[in-house]
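File shown here: start-v7.pdb, holding PDB, C-alpha atoms and all ligand atoms.
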```
ATOM      1  CA  MET A  51     125.086 253.083  93.131  1.00  0.00           C
ATOM      2  CA  SER A  52     122.824 253.659  90.205  1.00  0.00           C
ATOM      3  CA  ALA A  53     123.817 255.205  86.951  1.00  0.00           C
ATOM      4  CA  SER A  54     122.325 258.591  86.269  1.00  0.00           C
ATOM      5  CA  ASN A  55     118.622 258.141  85.777  1.00  0.00           C
ATOM      6  CA  GLU A  56     117.372 259.614  82.516  1.00  0.00           C
ATOM      7  CA  LEU A  57     114.127 260.645  84.231  1.00  0.00           C
ATOM      8  CA  ASP A  58     116.051 263.134  86.334  1.00  0.00           C
ATOM      9  CA  LYS A  59     116.357 265.595  83.506  1.00  0.00           C
ATOM     10  CA  VAL A  60     114.063 267.218  80.989  1.00  0.00           C
ATOM     11  CA  THR A  61     114.472 265.444  77.675  1.00  0.00           C
ATOM     12  CA  THR A  62     112.500 264.296  74.644  1.00  0.00           C
ATOM     13  CA  ASN A  63     109.349 262.239  75.293  1.00  0.00           C
ATOM     14  CA  LEU A  64     109.118 263.067  78.994  1.00  0.00           C
ATOM     15  CA  VAL A  65     105.996 264.755  80.291  1.00  0.00           C
ATOM     16  CA  VAL A  66     107.154 267.973  81.908  1.00  0.00           C
ATOM     17  CA  SER A  67     105.213 269.904  84.546  1.00  0.00           C
ATOM     18  CA  MET A  68     106.381 273.485  84.634  1.00  0.00           C
ATOM     19  CA  VAL A  69     105.314 276.697  86.311  1.00  0.00           C
ATOM     20  CA  TYR A  70     106.288 279.983  84.761  1.00  0.00           C
ATOM     21  CA  GLU A  71     105.949 283.700  84.657  1.00  0.00           C
ATOM     22  CA  LEU A  72     106.132 285.459  81.296  1.00  0.00           C
ATOM     23  CA  LYS A  73     107.107 289.085  80.954  1.00  0.00           C
ATOM     24  CA  VAL A  74     107.048 291.273  77.862  1.00  0.00           C
ATOM     25  CA  ASN A  75     108.575 294.731  78.242  1.00  0.00           C
ATOM     26  CA  ASN A  76     108.907 294.093  82.003  1.00  0.00           C
ATOM     27  CA  GLU A  77     105.208 293.512  82.383  1.00  0.00           C
ATOM     28  CA  VAL A  78     103.863 290.130  83.533  1.00  0.00           C
ATOM     29  CA  ILE A  79     101.408 289.020  80.874  1.00  0.00           C
ATOM     30  CA  ASP A  80     100.993 285.352  81.723  1.00  0.00           C
ATOM     31  CA  SER A  81     101.793 282.994  84.581  1.00  0.00           C
ATOM     32  CA  CYS A  82     100.785 279.771  86.252  1.00  0.00           C
ATOM     33  CA  ASP A  83     101.604 278.200  89.606  1.00  0.00           C
ATOM     34  CA  ASP A  84     101.696 274.800  91.306  1.00  0.00           C
ATOM     35  CA  SER A  85      97.908 274.560  91.388  1.00  0.00           C
ATOM     36  CA  ASP A  86      97.792 274.460  87.602  1.00  0.00           C
ATOM     37  CA  PRO A  87     101.191 273.809  86.046  1.00  0.00           C
ATOM     38  CA  LEU A  88     101.735 273.721  82.311  1.00  0.00           C
ATOM     39  CA  GLN A  89     102.129 270.106  81.208  1.00  0.00           C
ATOM     40  CA  PHE A  90     103.542 269.063  77.861  1.00  0.00           C
ATOM     41  CA  ILE A  91     105.665 266.418  76.183  1.00  0.00           C
ATOM     42  CA  GLN A  92     109.204 267.683  75.721  1.00  0.00           C
ATOM     43  CA  GLY A  93     110.682 267.547  72.224  1.00  0.00           C
ATOM     44  CA  LEU A  94     107.442 267.650  70.255  1.00  0.00           C
ATOM     45  CA  GLY A  95     107.302 271.391  69.730  1.00  0.00           C
ATOM     46  CA  HIS A  96     104.437 271.910  72.169  1.00  0.00           C
ATOM     47  CA  ILE A  97     106.068 275.007  73.570  1.00  0.00           C
ATOM     48  CA  ILE A  98     107.958 277.695  71.696  1.00  0.00           C
ATOM     49  CA  PRO A  99     111.329 276.550  70.306  1.00  0.00           C
ATOM     50  CA  GLY A 100     113.475 278.995  72.290  1.00  0.00           C
ATOM     51  CA  LEU A 101     112.002 277.797  75.577  1.00  0.00           C
ATOM     52  CA  GLU A 102     112.012 274.084  74.722  1.00  0.00           C
ATOM     53  CA  ARG A 103     115.721 274.295  73.934  1.00  0.00           C
ATOM     54  CA  GLU A 104     116.572 276.131  77.165  1.00  0.00           C
ATOM     55  CA  ILE A 105     114.754 273.757  79.530  1.00  0.00           C
ATOM     56  CA  GLU A 106     116.388 270.631  78.030  1.00  0.00           C
ATOM     57  CA  GLY A 107     118.442 268.994  80.802  1.00  0.00           C
ATOM     58  CA  MET A 108     116.816 270.893  83.691  1.00  0.00           C
ATOM     59  CA  THR A 109     115.984 268.921  86.848  1.00  0.00           C
ATOM     60  CA  VAL A 110     112.843 268.879  89.018  1.00  0.00           C
ATOM     61  CA  GLY A 111     112.885 271.830  91.370  1.00  0.00           C
ATOM     62  CA  GLU A 112     115.309 273.782  89.202  1.00  0.00           C
ATOM     63  CA  SER A 113     114.439 277.355  88.200  1.00  0.00           C
ATOM     64  CA  LYS A 114     115.775 279.315  85.268  1.00  0.00           C
ATOM     65  CA  HIS A 115     115.540 282.745  83.775  1.00  0.00           C
ATOM     66  CA  VAL A 116     115.120 282.408  80.010  1.00  0.00           C
ATOM     67  CA  LEU A 117     115.214 285.149  77.422  1.00  0.00           C
ATOM     68  CA  VAL A 118     113.617 284.235  74.120  1.00  0.00           C
ATOM     69  CA  LYS A 119     114.021 286.477  71.115  1.00  0.00           C
ATOM     70  CA  ALA A 120     110.902 287.025  69.018  1.00  0.00           C
ATOM     71  CA  ALA A 121     112.216 284.834  66.189  1.00  0.00           C
ATOM     72  CA  ASP A 122     112.507 281.896  68.624  1.00  0.00           C
ATOM     73  CA  GLY A 123     109.214 282.739  70.265  1.00  0.00           C
ATOM     74  CA  TYR A 124     106.049 283.610  68.379  1.00  0.00           C
ATOM     75  CA  GLY A 125     107.903 284.845  65.307  1.00  0.00           C
ATOM     76  CA  GLU A 126     108.626 288.247  63.894  1.00  0.00           C
ATOM     77  CA  PHE A 127     105.747 290.543  63.118  1.00  0.00           C
ATOM     78  CA  ASP A 128     104.755 289.963  59.480  1.00  0.00           C
ATOM     79  CA  PRO A 129     103.094 292.919  57.740  1.00  0.00           C
ATOM     80  CA  GLU A 130     101.660 290.534  55.145  1.00  0.00           C
ATOM     81  CA  GLN A 131      99.552 289.010  57.917  1.00  0.00           C
ATOM     82  CA  ILE A 132      97.559 292.231  58.059  1.00  0.00           C
ATOM     83  CA  VAL A 133      94.631 291.567  55.771  1.00  0.00           C
ATOM     84  CA  GLU A 134      91.796 293.834  54.727  1.00  0.00           C
ATOM     85  CA  MET A 135      88.462 292.198  53.960  1.00  0.00           C
ATOM     86  CA  SER A 136      85.160 293.496  52.710  1.00  0.00           C
ATOM     87  CA  LYS A 137      82.411 293.650  55.336  1.00  0.00           C
ATOM     88  CA  ASP A 138      80.199 291.962  52.715  1.00  0.00           C
ATOM     89  CA  GLU A 139      82.030 288.717  53.411  1.00  0.00           C
ATOM     90  CA  PHE A 140      80.472 288.495  56.866  1.00  0.00           C
ATOM     91  CA  PRO A 141      76.853 287.739  57.728  1.00  0.00           C
ATOM     92  CA  GLU A 142      74.851 290.854  58.553  1.00  0.00           C
ATOM     93  CA  GLU A 143      74.102 289.673  62.091  1.00  0.00           C
ATOM     94  CA  PHE A 144      77.815 289.199  62.752  1.00  0.00           C
ATOM     95  CA  THR A 145      78.967 292.173  64.807  1.00  0.00           C
ATOM     96  CA  LEU A 146      82.622 293.036  64.383  1.00  0.00           C
ATOM     97  CA  GLU A 147      84.330 294.959  67.157  1.00  0.00           C
ATOM     98  CA  PRO A 148      87.879 296.251  67.591  1.00  0.00           C
ATOM     99  CA  ASP A 149      90.320 293.679  69.124  1.00  0.00           C
ATOM    100  CA  MET A 150      87.744 290.932  68.678  1.00  0.00           C
ATOM    101  CA  GLU A 151      89.142 287.467  68.031  1.00  0.00           C
ATOM    102  CA  VAL A 152      87.787 285.801  64.904  1.00  0.00           C
ATOM    103  CA  THR A 153      88.438 282.242  63.774  1.00  0.00           C
ATOM    104  CA  PHE A 154      88.588 281.531  60.062  1.00  0.00           C
ATOM    105  CA  GLU A 155      88.569 278.126  58.451  1.00  0.00           C
ATOM    106  CA  ASP A 156      90.266 277.491  55.135  1.00  0.00           C
ATOM    107  CA  GLU A 157      89.159 274.886  52.526  1.00  0.00           C
ATOM    108  CA  ASP A 158      91.117 272.169  54.345  1.00  0.00           C
ATOM    109  CA  GLY A 159      89.361 272.939  57.629  1.00  0.00           C
ATOM    110  CA  THR A 160      92.497 274.450  59.130  1.00  0.00           C
ATOM    111  CA  GLU A 161      91.572 277.072  61.691  1.00  0.00           C
ATOM    112  CA  MET A 162      93.299 280.433  61.739  1.00  0.00           C
ATOM    113  CA  THR A 163      92.851 283.045  64.402  1.00  0.00           C
ATOM    114  CA  ALA A 164      92.922 286.746  63.705  1.00  0.00           C
ATOM    115  CA  PHE A 165      92.185 289.892  65.657  1.00  0.00           C
ATOM    116  CA  VAL A 166      90.185 292.825  64.373  1.00  0.00           C
ATOM    117  CA  GLU A 167      92.723 295.572  63.909  1.00  0.00           C
ATOM    118  CA  GLU A 168      90.565 298.284  62.416  1.00  0.00           C
ATOM    119  CA  ILE A 169      86.990 298.724  61.317  1.00  0.00           C
ATOM    120  CA  ASN A 170      86.488 300.957  58.328  1.00  0.00           C
ATOM    121  CA  LEU A 171      83.406 302.048  56.468  1.00  0.00           C
ATOM    122  CA  ASP A 172      83.216 299.087  54.069  1.00  0.00           C
ATOM    123  CA  THR A 173      86.131 296.969  55.151  1.00  0.00           C
ATOM    124  CA  VAL A 174      87.619 295.316  58.201  1.00  0.00           C
ATOM    125  CA  THR A 175      91.354 294.938  58.765  1.00  0.00           C
ATOM    126  CA  PHE A 176      92.440 291.701  60.437  1.00  0.00           C
ATOM    127  CA  ASN A 177      95.767 290.900  62.042  1.00  0.00           C
ATOM    128  CA  PHE A 178      96.707 287.231  61.585  1.00  0.00           C
ATOM    129  CA  ASN A 179      99.967 287.620  63.514  1.00  0.00           C
ATOM    130  CA  HIS A 180     100.148 285.938  66.890  1.00  0.00           C
ATOM    131  CA  PRO A 181      99.466 288.602  69.566  1.00  0.00           C
ATOM    132  CA  LEU A 182     103.060 288.131  70.776  1.00  0.00           C
ATOM    133  CA  ALA A 183     104.683 288.169  67.327  1.00  0.00           C
ATOM    134  CA  GLY A 184     107.636 290.533  67.312  1.00  0.00           C
ATOM    135  CA  ASP A 185     107.952 290.504  71.112  1.00  0.00           C
ATOM    136  CA  ASP A 186     111.029 289.358  73.010  1.00  0.00           C
ATOM    137  CA  LEU A 187     109.899 287.106  75.841  1.00  0.00           C
ATOM    138  CA  GLU A 188     111.313 286.881  79.340  1.00  0.00           C
ATOM    139  CA  PHE A 189     110.444 283.710  81.230  1.00  0.00           C
ATOM    140  CA  GLU A 190     111.046 282.645  84.811  1.00  0.00           C
ATOM    141  CA  VAL A 191     110.443 278.904  84.748  1.00  0.00           C
ATOM    142  CA  LYS A 192     110.560 276.123  87.327  1.00  0.00           C
ATOM    143  CA  ILE A 193     110.322 272.421  86.569  1.00  0.00           C
ATOM    144  CA  THR A 194     107.884 270.849  89.041  1.00  0.00           C
ATOM    145  CA  GLY A 195     107.533 267.327  87.672  1.00  0.00           C
ATOM    146  CA  LEU A 196     108.830 264.795  85.168  1.00  0.00           C
ATOM    147  CA  ARG A 197     107.481 261.427  84.093  1.00  0.00           C
ATOM    148  CA  PRO A 198     107.722 259.268  80.987  1.00  0.00           C
ATOM    149  CA  ALA A 199     104.941 259.818  78.471  1.00  0.00           C
ATOM    150  CA  THR A 200     102.713 256.745  78.081  1.00  0.00           C
ATOM    151  CA  ALA A 201     102.650 254.913  74.753  1.00  0.00           C
ATOM    152  CA  GLU A 202      99.167 256.302  74.223  1.00  0.00           C
ATOM    153  CA  GLU A 203     100.271 259.863  74.899  1.00  0.00           C
ATOM    154  CA  LEU A 204     103.160 259.503  72.447  1.00  0.00           C
ATOM    155  CA  GLU A 205     100.798 258.066  69.865  1.00  0.00           C
ATOM    156  CA  HIS A 206      98.387 260.973  70.342  1.00  0.00           C
ATOM    157  CA  GLY A 207     101.160 263.543  70.628  1.00  0.00           C
ATOM    158  CA  HIS A 208      99.707 265.180  73.744  1.00  0.00           C
ATOM    159  CA  VAL A 209      99.462 264.807  77.501  1.00  0.00           C
ATOM    160  CA  HIS A 210      96.516 263.051  79.085  1.00  0.00           C
ATOM    161  CA  LEU A 211      95.805 264.937  82.267  1.00  0.00           C
ATOM    162  CA  GLY A 212      94.773 263.052  85.372  1.00  0.00           C
ATOM    163  CA  GLU A 213      93.593 259.504  85.758  1.00  0.00           C
ATOM    164  CA  HIS A 214      90.556 259.908  83.555  1.00  0.00           C
ATOM    165  CA  GLY A 215      91.955 262.681  81.466  1.00  0.00           C
ATOM    166  CA  HIS A 216      91.791 261.008  78.123  1.00  0.00           C
ATOM    167  CA  HIS A 217      90.188 262.877  75.306  1.00  0.00           C
ATOM    168  CA  ASP A 218      89.542 261.560  71.842  1.00  0.00           C
ATOM    169  CA  ASP A 219      91.334 264.003  69.580  1.00  0.00           C
TER     170      ASP A 219
HETATM  171 ZN    ZN A 301      94.569 261.696  73.560  1.00  0.00          ZN
END
```

Transcribe the structure of this file into structure tokens.
Ligand SMILES: [Zn+2]
Amino acid sequence: MSASNELDKVTTNLVVSMVYELKVNNEVIDSCDDSDPLQFIQGLGHIIPGLEREIEGMTVGESKHVLVKAADGYGEFDPEQIVEMSKDEFPEEFTLEPDMEVTFEDEDGTEMTAFVEEINLDTVTFNFNHPLAGDDLEFEVKITGLRPATAEELEHGHVHLGEHGHHDD
């Protein structure tokens, strides 16, 4: 008789394989299945807080319906993240289109993603909110695998996929 094995349940520093379906307003907007499960290290904030908390302790093969409020998901919609910029700030050959995704880099090299909200005569309005900010999220999740993270994965803070899956970042 063995004591309960800690690898049986989702907990910090285990690599979790999970399939899921995500609905917003009853519409499926994202999903993955067994052919390409989401893999991440539990407890490191790789997935949204409301989901990470709810899957803690789940076992392989277990499914769960999880409701995540916006604040525990991609955050509330922040009107201050709507920013108007002069078109002069962009190179002439740079064509801006509605809904286009644009990546900005600040002085520290930190990348920020925004979407073109509105194109005006002389200005462009960008939305720096996450596309799912302000949305309540409805997940159907299933845990499909668990294994301990390797020392190297823990050091890097991310999963190395497959046998030769190492990458240098
Ligand atoms: Zn790595």

## Note on the structure
In Å and to one decimal, atom CA of A:Thr62 is distant from atom CA of A:Glu106 by 8.2 Å

### Task
Taking the file above as input, evaluate the PyMOL selection byres (((chain A and resi 163) around 12) and not hetatm) and report the hits as a PyMOL selection string.
chain A and resi 131+149-156+160-162+164-166+176-181

#### Entry: Gap from atom CA of A:Thr61 to atom CA of A:Gly195 - Å, one decimal
12.3 Å

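Here the PyMOL selection byres (((chain A and resi 79) around 12) and not hetatm) catches exactly these residues: Tyr70, Glu71, Leu72, Lys73, Val74, Asn75, Asn76, Glu77, Val78, Asp80, Ser81, Cys82, Pro181, Leu182, Asp185, Leu187, Glu188 and Phe189 of chain A.
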
I'd like to see the residues matched by the PyMOL selection byres (((chain A and resi 93) around 7) and not hetatm) on this file, and ideally I'd get them as a short mmCIF file (atom, residue, chain, number, x, y, z; two decimals) with C-alpha atoms, in the frame of the given file.
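See expr.cif below for the written result:
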```cif
data_model
loop_
_atom_site.label_atom_id
_atom_site.label_comp_id
_atom_site.auth_asym_id
_atom_site.auth_seq_id
_atom_site.Cartn_x
_atom_site.Cartn_y
_atom_site.Cartn_z
CA THR A 61 114.47 265.44 77.68
CA THR A 62 112.50 264.30 74.64
CA ASN A 63 109.35 262.24 75.29
CA ILE A 91 105.66 266.42 76.18
CA GLN A 92 109.20 267.68 75.72
CA LEU A 94 107.44 267.65 70.26
CA GLY A 95 107.30 271.39 69.73
#
```

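Distance-wise, atom CA of A:Asp186 and atom CA of A:Pro129 end up 17.6 Å apart.
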
### Task
Check the smallest atom-to-atom distance from each of A:Ile105, A:Ala183, A:Leu171, A:Met68 to A:Gly123 using all atoms listed in the file, then report the winner.
A:Ala183
